[in-house]
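Enquirer: Dumping the structure here so I can ask a few things about it.
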Amino acid sequence: MSPTKPGSAAAGATRDTLTIVDNRTGRQYEIPVKNDTIRALDLRQIKVNEADFGMMSYDPAFTNTASCMSKVGFIDGDKGILRYRGYPIEELAEKSSYLETAYLILYGELPTKSQLADWSSNITHHTFIHESIKKFLDGFHYDAHPMGMLISTVAALSTFYPDAKDIFNPDSRRKQTYRLIGKMPTLAAFAYRHSLGMPYVYPDNDLSYSGNFLNMLFRTTELQYRPNPTLERALDILFILHADHEQNCSSTAMRGVGSSQVDPYSATAAATAALYGPLHGGANEQVLRMLLEIGSVNEVPAYVKKVKAGEKLLMGFGHRVYKNYDPRARIVKRIAYEVFDVMGRNPLIDIALECERIALEDDYFVTRRLYPNVDFYTGLIYQAMGFPVTMFPVLFAIPRTSGWIAQWEEMLLDSEQKIARPRQVYIGYDQRSYIPLEHRS
Ligand code: ACO
């Protein structure tokens, strides 16, 4: 390949390629560009000599590396857009139900009437859990974090369903999908009841997905639990908003662990563990703790000062992808008021609103493009509905299960995917000889 001067006629010709000049050798390479992306493996031909391993790209935390091709979800972080399979999140939140959205996310199209009826019936008929799972739950300490219980019991499901190992069998995958989406609320609700020392409430298959979840959480002596329709719908919308968010930390865990061809329960346990962290799904819990720590509207400026000094994070603000208002946060803020109309106003909302007001005007947040994310207002809703803060990440994990399974299945069926195995840039010692203990200083 002959070198081309930048700005020359040849350089001006448009082609879907990237020309790289290696100034170490003077060699030039032309690399195909597809979907505004180059293949990292195309860099490997760039070598100083034949013994050279070849060029790699270094991208800690994958901030600019696409690890897959996906048709599930689309985010435009600059414009604040989120779509599932092409459908805007705002429309789904207004018109769809969680189970319908889960079907869309998994199978790519909105279901027909009969498909939706079958799908809902199949999920509903997989809501019960094996009685032995209750024994695991009983083994947890009374104040065990429900996320820890959820992670452990989802993993335990793999021991009850060894057929789940048959991951390349579509019938088996479909069955595990029903079981996972059906049983996650039951595991979550049982974990919650265990923490209260209250008897477990079995699923009521006459109720909706979110209505049944409320039943398993809150039913006491009623012969038949009737969820408040506003709360039931609010929870269902929150489930829709949390169903998928493309290649986030937990989906990446699902894909990465699933790429070893382990069963989907074990992979879902890994994804749930990833979601537990305070920088991911655990952030909604941290937002509530932060608002309680701030304590009053008057204390907000002092707290923001600490954030700007790097002593604290403003939890529920910032996002790796959204550099504009998170579209989910806007919907959540509206739902918050609907829930407050039923349950009473959560006094922490005033502190949250003041945090948002100051942050949206302050140079520190404006220049870093830090806006409220989905977690900023969800905690206030959950608290108003009567959930303890430890349940907040659990409320995220339940709906995200459909997204995780869709991502997992897409990965399994993608012929380009293999076991996930990143490279490293080794910067440690070169070879050295073992030093006997008596010679070490
Ligand atoms: N409060 C204060 N400063 C912040 C915040 C925040 N919440 N988020 C980012 N920043 C600052 C960083 O300190 C950094 O400043 P610098 O350039 O002076 O060093 C700058 O903004 C860029 O931030 P990064 O940490 O590089 O952004 P990254 O994309 O790695 O992090 C993350 C994204 C993890 C979400 C981050 O914004 C954060 O920690 N937010 C708080 C936790 C949170 O709400 N997580 C929920 C995310 S949504 C979800 O998972 C569902």
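We name chains A, B, ... following the order of the structure tokens; residues begin at 1 in each chain, and ligands are numbered from 1 as shown.
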Throw together the list of residues within 8 Å of ligand 1, counting only C-alpha atoms and all ligand atoms, and drop it here as a PyMOL selection string.
Expert: chain A and resi 63+248-249+275+278-284+287+307-308+310+312-321+365+368-370+372-376
Enquirer: Give me, as a tab-separated table, the closest atom pair and its distance (Å, one decimal) for every residue of segment 132-247 of chain A within a cut-off of 10 Å of segment 96-119 of chain A, counting only C-alpha atoms, rows sorted by chain and rising number.
Expert:
residue	atom	partner	partner_atom	distance
A:Thr177	CA	A:Leu106	CA	9.3
A:Tyr178	CA	A:Trp119	CA	8.3
A:Ile181	CA	A:Ala102	CA	8.9
A:Ser208	CA	A:Leu99	CA	9.1
A:Tyr209	CA	A:Leu99	CA	7.3
A:Ser210	CA	A:Tyr98	CA	8.2
A:Arg233	CA	A:Ser97	CA	8.5
A:Leu235	CA	A:Tyr98	CA	9.2
A:Asp236	CA	A:Tyr98	CA	5.6
A:Ile237	CA	A:Tyr98	CA	6.9
A:Leu238	CA	A:Tyr98	CA	8.6
A:Phe239	CA	A:Tyr98	CA	5.9
A:Ile240	CA	A:Tyr98	CA	5.0
A:Leu241	CA	A:Tyr98	CA	8.8
A:His242	CA	A:Tyr98	CA	9.6
A:Ala243	CA	A:Ala102	CA	7.0
A:Asp244	CA	A:Ile105	CA	7.8
Enquirer: Which of segment 41-287 of chain A counts as alpha helix (DSSP H) under DSSP, as a ChimeraX atom specification please?
Expert: /A:89-95,98-107,113-124,131-139,146-160,170-196,209-218,229-241,249-258,264-276,283-287
Enquirer: Quick one: residues within 10 Å of segment 422-425 of chain A, only C-alpha atoms, excluding same-chain residues fewer than 2 positions away - as an MDAnalysis selection string?
Expert: chainID A and resid 56:60 419:420 427:428
Enquirer: Rank A:Lys306, A:Gly386, A:Arg85, A:Val394 by their smallest atom-to-atom distance to Phe190 of chain A, using only C-alpha atoms, and report the top residue only.
Expert: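 Among A:Lys306, A:Gly386, A:Arg85, A:Val394, it is A:Val394 that comes nearest to Phe190 of chain A.
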Enquirer: So, with only C-alpha atoms as the atoms that count, which of A:Ala93, A:Met198, A:Asp36, A:Asp206 lies closest to Ser120 of chain A?
Expert: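 Closest residue, counting only C-alpha atoms: A:Asp206.
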Enquirer: Quick one: residues within 8 Å of Leu217 of chain A, only C-alpha atoms, excluding same-chain residues fewer than 2 positions away - as a PyMOL selection string?
Expert: chain A and resi 189-190+192-193+201+213-215+219
Enquirer: Would you write out those residues with N, CA, C and O atoms, as an mmCIF file, in the first residue's frame?
Expert:
data_model
loop_
_atom_site.group_PDB
_atom_site.id
_atom_site.type_symbol
_atom_site.label_atom_id
_atom_site.label_comp_id
_atom_site.auth_asym_id
_atom_site.auth_seq_id
_atom_site.Cartn_x
_atom_site.Cartn_y
_atom_site.Cartn_z
ATOM 1 N N ALA A 189 -40.679 -11.524 46.580
ATOM 2 C CA ALA A 189 -41.700 -11.299 47.609
ATOM 3 C C ALA A 189 -41.439 -12.183 48.829
ATOM 4 O O ALA A 189 -41.587 -11.743 49.976
ATOM 5 N N PHE A 190 -41.020 -13.430 48.599
ATOM 6 C CA PHE A 190 -40.737 -14.325 49.726
ATOM 7 C C PHE A 190 -39.550 -13.791 50.536
ATOM 8 O O PHE A 190 -39.540 -13.883 51.767
ATOM 9 N N TYR A 192 -38.780 -10.717 50.909
ATOM 10 C CA TYR A 192 -39.310 -9.589 51.683
ATOM 11 C C TYR A 192 -40.091 -10.082 52.899
ATOM 12 O O TYR A 192 -39.895 -9.596 54.024
ATOM 13 N N ARG A 193 -40.967 -11.057 52.687
ATOM 14 C CA ARG A 193 -41.772 -11.576 53.806
ATOM 15 C C ARG A 193 -40.868 -12.209 54.858
ATOM 16 O O ARG A 193 -41.130 -12.103 56.054
ATOM 17 N N VAL A 201 -46.834 -15.554 51.050
ATOM 18 C CA VAL A 201 -48.132 -15.531 50.367
ATOM 19 C C VAL A 201 -47.935 -16.141 48.985
ATOM 20 O O VAL A 201 -47.084 -15.682 48.220
ATOM 21 N N PHE A 213 -47.743 -9.526 42.318
ATOM 22 C CA PHE A 213 -46.538 -9.214 43.103
ATOM 23 C C PHE A 213 -46.927 -8.434 44.356
ATOM 24 O O PHE A 213 -46.483 -8.756 45.472
ATOM 25 N N LEU A 214 -47.804 -7.445 44.201
ATOM 26 C CA LEU A 214 -48.258 -6.675 45.369
ATOM 27 C C LEU A 214 -48.969 -7.588 46.362
ATOM 28 O O LEU A 214 -48.810 -7.465 47.578
ATOM 29 N N ASN A 215 -49.734 -8.540 45.823
ATOM 30 C CA ASN A 215 -50.434 -9.512 46.667
ATOM 31 C C ASN A 215 -49.436 -10.321 47.505
ATOM 32 O O ASN A 215 -49.588 -10.466 48.723
ATOM 33 N N ARG A 219 -50.238 -8.858 51.215
ATOM 34 C CA ARG A 219 -51.482 -9.449 51.699
ATOM 35 C C ARG A 219 -51.329 -9.890 53.157
ATOM 36 O O ARG A 219 -50.311 -10.464 53.528
#
Enquirer: Quick one: everything within 9 Å of Lys47 of chain A, counting only C-alpha atoms, minus sequence neighbours fewer than 6 positions away in the same chain. Send it as a list in words.
Expert: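 Once the nearby chain positions are removed, what remains is Asp22, Thr25, Phe53, Gly54 and Met55 of chain A.
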Enquirer: Taking into account only C-alpha atoms, which residue in the set A:Met411, A:Ala397, A:Ile349, A:Ala40 is nearest to Met184 of chain A?
Expert: A:Ala397
